[in-house]
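*Asks:* final34.cif (mmCIF, C-alpha atoms) pasted underneath:
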```cif
data_upload
#
loop_
_atom_site.label_atom_id
_atom_site.label_comp_id
_atom_site.auth_asym_id
_atom_site.auth_seq_id
_atom_site.Cartn_x
_atom_site.Cartn_y
_atom_site.Cartn_z
CA ASN A 1 15.25 -83.17 -30.35
CA SER A 2 16.55 -85.91 -28.02
CA LEU A 3 19.82 -84.04 -27.34
CA THR A 4 20.35 -83.40 -23.63
CA TYR A 5 24.04 -82.36 -23.44
CA PHE A 6 25.73 -79.98 -25.87
CA ASP A 7 29.33 -78.98 -25.09
CA VAL A 8 31.41 -77.09 -27.67
CA SER A 9 33.59 -75.27 -25.15
CA ASN A 10 37.15 -74.08 -25.83
CA ASN A 11 37.06 -74.02 -29.60
CA PHE A 12 37.35 -71.23 -32.16
CA LEU A 13 33.66 -70.73 -32.87
CA THR A 14 32.65 -67.31 -34.16
CA GLY A 15 29.39 -65.60 -35.06
CA GLU A 16 26.14 -65.75 -33.18
CA ILE A 17 24.61 -68.42 -30.96
CA PRO A 18 21.99 -69.94 -33.31
CA THR A 19 18.41 -69.18 -32.36
CA ALA A 20 17.53 -72.71 -33.46
CA ILE A 21 19.12 -74.07 -30.26
CA GLY A 22 15.84 -73.04 -28.64
CA LEU A 23 14.22 -75.96 -30.48
CA LEU A 24 16.25 -78.52 -28.48
CA GLY A 25 13.46 -79.02 -25.99
CA LYS A 26 15.22 -81.73 -23.95
CA LEU A 27 18.53 -79.93 -23.60
CA GLN A 28 19.85 -79.87 -20.03
CA VAL A 29 23.40 -78.58 -20.51
CA LEU A 30 24.57 -75.93 -22.98
CA ASN A 31 28.27 -75.09 -22.79
CA VAL A 32 29.77 -72.67 -25.31
CA ASN A 33 32.50 -71.48 -22.92
CA GLY A 34 35.78 -70.19 -24.34
CA ASN A 35 34.96 -69.32 -27.94
CA LYS A 36 34.68 -66.06 -29.87
CA LEU A 37 30.92 -65.87 -30.13
CA THR A 38 29.46 -62.42 -30.64
CA SER A 39 26.13 -60.61 -30.73
CA ALA A 40 23.34 -61.01 -28.19
CA ILE A 41 22.27 -64.17 -26.38
CA PRO A 42 19.16 -65.29 -28.30
CA ALA A 43 15.89 -65.01 -26.38
CA SER A 44 14.94 -68.38 -27.88
CA LEU A 45 17.06 -70.04 -25.18
CA SER A 46 14.20 -69.25 -22.80
CA LEU A 47 12.29 -72.07 -24.52
CA LEU A 48 14.67 -74.65 -23.06
CA SER A 49 12.45 -75.56 -20.15
CA GLN A 50 14.69 -78.45 -19.03
CA LEU A 51 17.98 -76.51 -19.18
CA GLN A 52 20.00 -76.86 -15.97
CA THR A 53 23.37 -75.39 -16.97
CA LEU A 54 24.06 -72.46 -19.28
CA ASP A 55 27.73 -71.59 -19.63
CA ALA A 56 28.74 -68.91 -22.14
CA THR A 57 31.82 -67.74 -20.23
CA GLY A 58 34.69 -66.08 -22.06
CA ASN A 59 33.17 -65.02 -25.35
CA GLU A 60 32.47 -61.61 -26.87
CA LEU A 61 28.73 -61.56 -26.31
CA THR A 62 26.98 -58.21 -26.29
CA GLY A 63 23.48 -56.94 -25.66
CA THR A 64 21.38 -57.46 -22.57
CA ILE A 65 20.28 -60.43 -20.49
CA SER A 66 16.76 -61.12 -21.68
CA SER A 67 13.98 -60.94 -19.10
CA SER A 68 12.61 -64.10 -20.73
CA PHE A 69 15.36 -66.05 -18.97
CA GLY A 70 13.08 -65.93 -15.96
CA SER A 71 11.18 -68.84 -17.49
CA LEU A 72 14.18 -71.21 -17.21
CA PHE A 73 12.78 -72.74 -14.05
CA SER A 74 15.11 -75.79 -14.13
CA LEU A 75 18.30 -73.71 -14.32
CA THR A 76 20.83 -74.43 -11.56
CA THR A 77 23.96 -72.71 -12.99
CA LEU A 78 24.15 -69.49 -15.01
CA GLN A 79 27.63 -68.53 -16.19
CA LEU A 80 27.89 -65.50 -18.47
CA LYS A 81 31.11 -64.02 -17.08
CA PHE A 82 33.89 -62.44 -19.16
CA ASN A 83 31.74 -61.04 -21.93
CA GLN A 84 30.58 -57.56 -22.93
CA LEU A 85 26.99 -57.74 -21.73
CA THR A 86 25.29 -54.45 -20.93
CA GLY A 87 22.05 -53.24 -19.42
CA VAL A 88 20.41 -54.23 -16.17
CA ILE A 89 20.01 -57.58 -14.50
CA PRO A 90 16.33 -58.41 -15.14
CA THR A 91 14.07 -58.71 -12.12
CA SER A 92 12.72 -61.93 -13.61
CA VAL A 93 15.81 -63.79 -12.35
CA GLY A 94 14.00 -63.93 -9.02
CA SER A 95 11.83 -66.67 -10.52
CA LEU A 96 14.83 -69.01 -10.90
CA SER A 97 14.34 -70.74 -7.57
CA GLU A 98 16.55 -73.73 -8.46
CA LEU A 99 19.65 -71.66 -9.19
CA ARG A 100 22.74 -72.59 -7.18
CA GLY A 101 25.26 -70.33 -8.88
CA ILE A 102 25.17 -67.00 -10.75
CA TYR A 103 28.40 -65.84 -12.40
CA LEU A 104 27.99 -62.53 -14.25
CA ASN A 105 31.33 -60.93 -13.43
CA ASN A 106 33.54 -59.02 -15.87
CA ASN A 107 30.78 -57.57 -17.99
CA LYS A 108 29.41 -54.04 -18.36
CA LEU A 109 26.17 -54.57 -16.46
CA SER A 110 24.63 -51.45 -14.92
CA GLY A 111 21.70 -50.42 -12.79
CA ARG A 112 20.70 -51.83 -9.45
CA LEU A 113 21.14 -55.30 -8.08
CA PRO A 114 17.49 -56.43 -8.16
CA SER A 115 15.92 -57.15 -4.79
CA GLU A 116 14.20 -60.14 -6.40
CA ILE A 117 17.48 -62.05 -6.09
CA GLY A 118 16.48 -62.55 -2.47
CA SER A 119 13.84 -65.03 -3.71
CA MET A 120 16.52 -67.41 -4.99
CA THR A 121 16.81 -69.20 -1.68
CA ASN A 122 18.82 -72.17 -3.02
CA LEU A 123 21.63 -69.92 -4.19
CA LEU A 124 25.15 -70.87 -3.07
CA THR A 125 27.31 -68.47 -5.11
CA LEU A 126 26.60 -64.95 -6.34
CA GLU A 127 29.43 -63.33 -8.31
CA ILE A 128 28.84 -60.04 -10.13
CA TYR A 129 32.18 -58.27 -9.74
CA ASP A 130 33.98 -55.96 -12.18
CA SER A 131 30.81 -54.41 -13.58
CA ASP A 132 29.03 -51.08 -13.20
CA LEU A 133 26.24 -51.85 -10.75
CA THR A 134 24.89 -48.85 -8.85
CA GLY A 135 22.51 -48.23 -5.98
CA SER A 136 22.45 -49.94 -2.61
CA ILE A 137 22.84 -53.59 -1.67
CA PRO A 138 19.27 -54.86 -1.26
CA SER A 139 18.36 -56.02 2.24
CA SER A 140 16.61 -59.00 0.63
CA LEU A 141 20.02 -60.67 0.24
CA GLY A 142 19.61 -61.64 3.88
CA SER A 143 17.13 -64.26 2.68
CA LEU A 144 19.92 -66.18 0.94
CA VAL A 145 20.58 -68.34 3.98
CA LEU A 146 22.42 -71.05 1.99
CA LEU A 147 24.81 -68.64 0.26
CA THR A 148 28.50 -69.42 0.79
CA ASN A 149 30.16 -66.94 -1.60
CA LEU A 150 29.15 -63.32 -2.27
CA ASP A 151 31.39 -61.22 -4.50
CA LEU A 152 30.29 -57.76 -5.64
CA THR A 153 33.78 -56.27 -5.89
CA THR A 154 34.55 -53.31 -8.16
CA ASN A 155 31.16 -51.85 -8.88
CA GLN A 156 29.64 -48.48 -7.98
CA LEU A 157 27.49 -49.64 -5.07
CA THR A 158 26.51 -47.02 -2.50
CA GLY A 159 24.75 -46.83 0.84
CA SER A 160 25.38 -48.92 3.92
CA ILE A 161 25.93 -52.64 4.29
CA PRO A 162 22.51 -54.05 5.23
CA SER A 163 22.32 -55.58 8.70
CA SER A 164 20.05 -58.29 7.26
CA MET A 165 23.18 -59.98 5.93
CA ARG A 166 23.64 -61.45 9.42
CA PHE A 167 21.09 -64.10 8.44
CA MET A 168 23.49 -65.49 5.83
CA ILE A 169 24.87 -67.90 8.38
CA ARG A 170 26.64 -70.16 5.88
CA LEU A 171 28.51 -67.36 4.14
CA GLN A 172 32.23 -68.10 3.94
CA THR A 173 33.48 -65.37 1.59
CA LEU A 174 32.17 -61.80 1.67
CA ASN A 175 33.74 -59.49 -0.88
CA LEU A 176 32.39 -55.96 -1.27
CA ALA A 177 35.67 -54.16 -1.94
CA THR A 178 36.15 -51.24 -4.32
CA ASN A 179 32.70 -49.73 -4.20
CA LYS A 180 31.36 -46.53 -2.62
CA LEU A 181 29.82 -48.04 0.50
CA THR A 182 29.35 -45.81 3.52
CA GLY A 183 28.33 -46.21 7.14
CA ARG A 184 29.65 -48.65 9.70
CA ILE A 185 30.69 -52.26 9.53
CA PRO A 186 27.69 -54.08 11.06
CA SER A 187 28.51 -55.52 14.48
CA SER A 188 26.07 -58.31 13.60
CA PHE A 189 28.76 -59.78 11.35
CA GLY A 190 30.06 -61.31 14.58
CA SER A 191 27.24 -63.87 14.42
CA MET A 192 28.25 -65.13 10.96
CA GLN A 193 30.36 -67.97 12.27
CA SER A 194 31.07 -69.53 8.86
CA LEU A 195 32.97 -66.48 7.61
CA GLN A 196 36.52 -67.18 6.46
CA SER A 197 37.23 -64.04 4.45
CA ILE A 198 35.92 -60.47 4.67
CA SER A 199 37.03 -57.94 2.06
CA LEU A 200 35.66 -54.42 2.43
CA GLY A 201 38.66 -52.41 1.26
CA THR A 202 38.48 -49.25 -0.85
CA ASN A 203 35.11 -47.96 0.28
CA LYS A 204 34.06 -45.07 2.54
CA LEU A 205 33.21 -47.04 5.67
CA ASN A 206 33.61 -45.19 8.96
CA GLY A 207 33.40 -45.71 12.70
CA THR A 208 35.08 -48.48 14.65
CA ILE A 209 36.00 -51.98 13.63
CA PRO A 210 33.44 -53.88 15.73
CA SER A 211 34.84 -56.01 18.52
CA GLU A 212 32.23 -58.66 17.70
CA LEU A 213 34.41 -59.76 14.79
CA ALA A 214 36.73 -61.31 17.37
CA SER A 215 34.23 -64.14 17.78
CA LEU A 216 34.78 -65.31 14.20
CA SER A 217 37.15 -68.13 15.01
CA GLY A 218 37.35 -69.37 11.41
CA LEU A 219 38.20 -65.98 9.90
CA TYR A 220 41.50 -66.11 8.00
CA TYR A 221 41.44 -62.88 5.99
CA MET A 222 40.09 -59.43 6.78
CA TYR A 223 40.80 -56.64 4.30
CA LEU A 224 39.62 -53.20 5.43
CA PHE A 225 42.21 -50.94 3.76
CA ILE A 226 41.43 -47.51 2.28
CA ASN A 227 38.34 -46.60 4.28
CA GLU A 228 37.60 -43.95 6.90
CA LEU A 229 37.72 -46.21 9.95
CA SER A 230 38.66 -44.45 13.18
CA GLU A 231 39.25 -47.06 15.84
CA LEU A 232 40.49 -50.60 16.26
CA GLN A 233 38.94 -52.05 19.40
CA TYR A 234 41.42 -53.80 21.67
CA ASN A 235 40.00 -57.32 21.64
CA ILE A 236 40.16 -57.87 17.88
#
```
Give the structure from the file, written as structure tokens.
*Replies:*
Amino acid sequence: NSLTYFDVSNNFLTGEIPTAIGLLGKLQVLNVNGNKLTSAIPASLSLLSQLQTLDATGNELTGTISSSFGSLFSLTTLQLKFNQLTGVIPTSVGSLSELRGIYLNNNKLSGRLPSEIGSMTNLLTLEIYDSDLTGSIPSSLGSLVLLTNLDLTTNQLTGSIPSSMRFMIRLQTLNLATNKLTGRIPSSFGSMQSLQSISLGTNKLNGTIPSELASLSGLYYMYLFINELSELQYNI
């Protein structure tokens, strides 16, 4: 019960994650990255009230992300990428106010991106690409003023890009490519002076490429291919 750090990453472990791990009440780091673990993530992990890092990347985990994970109030990093997780992202994740990084990419997650994510105001990285998310991008993401990396590539997201994203003034990488987004590129992106890369390719965006983007002096990459854009303003 005194164990605080448990790292068995990059081995050949098979079978399920034992539910008994939930009894390790002082555990702060659980890393089972890079094994061949299967079945669902046990809900008993929600009992780990001091857990700061959960990394189960690169296994064969199935099932859903339990809503009980919303009780992991000490969690700062959640890495569940490269698995076979299904279902929706539970709204309870909005309670994880200490989270700095969410990595859920390369799963089979569906449903909407919950607006409650906007409550996670300490978040620095949000990566949920290569999944099956649907619906619109919630305007509440504009509350993530510390976010530096947003990657929602290759989902089924629809609707317009919310103008509230202009409040994400520390954002460096914006990747929304390969979705079904419509509408115009917000001219307010010109105020996001930390942006270094914008990737909006393979959507259904229309209208002009806003001249305000010319003010982004630190922008190195801008990918807008395969859209329905009609005009490139002269001062880009």
*Asks:* Using only C-alpha atoms, which residues sit within 12 Å of Leu30 (chain A) once same-chain residues fewer than 5 positions away are excluded, as a list in words?
*Replies:*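 The residues that qualify are Leu3, Thr4, Tyr5, Phe6, Asp7, Val8, Ser9, Ile17, Ile21, Gly22, Leu24, Gly25, Leu45, Leu48, Gln50, Leu51, Gln52, Thr53, Leu54, Asp55, Ala56, Thr57, Leu75, Thr77, Leu78, Gln79 and Leu80 of chain A.
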*Asks:* Would you kindly translate the PyMOL selection byres ((chain A and resi 214-217) around 6) into the concrete residues it picks from this file, as a ChimeraX atom specification?
*Replies:* /A:190,193,211-213,218-219,236
*Asks:* Can you list, as number ranges by chain, the residues that the PyMOL selection byres ((chain A and resi 82) around 10) selects here?
*Replies:* A: 33-34, 56-61, 79-81, 83-85, 103-108, 130
*Asks:* Run the PyMOL selection byres ((chain A and resi 188) around 8) on the file and write out the hits as a PyMOL selection string.
*Replies:* chain A and resi 163+166+186-187+189-192+212
*Asks:* What's the separation between CA of Gln196 (chain A) and CA of Pro210 (chain A), in Å to one decimal place?
*Replies:*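 Result for CA of Gln196 (chain A) versus CA of Pro210 (chain A): 16.5 Å, one decimal.
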*Asks:* Write out as a PyMOL selection string the residues lying within 7 Å of Gly207 (chain A), counting all atoms listed in the file and excluding same-chain residues fewer than 2 positions away.
*Replies:* chain A and resi 184+209+229-231
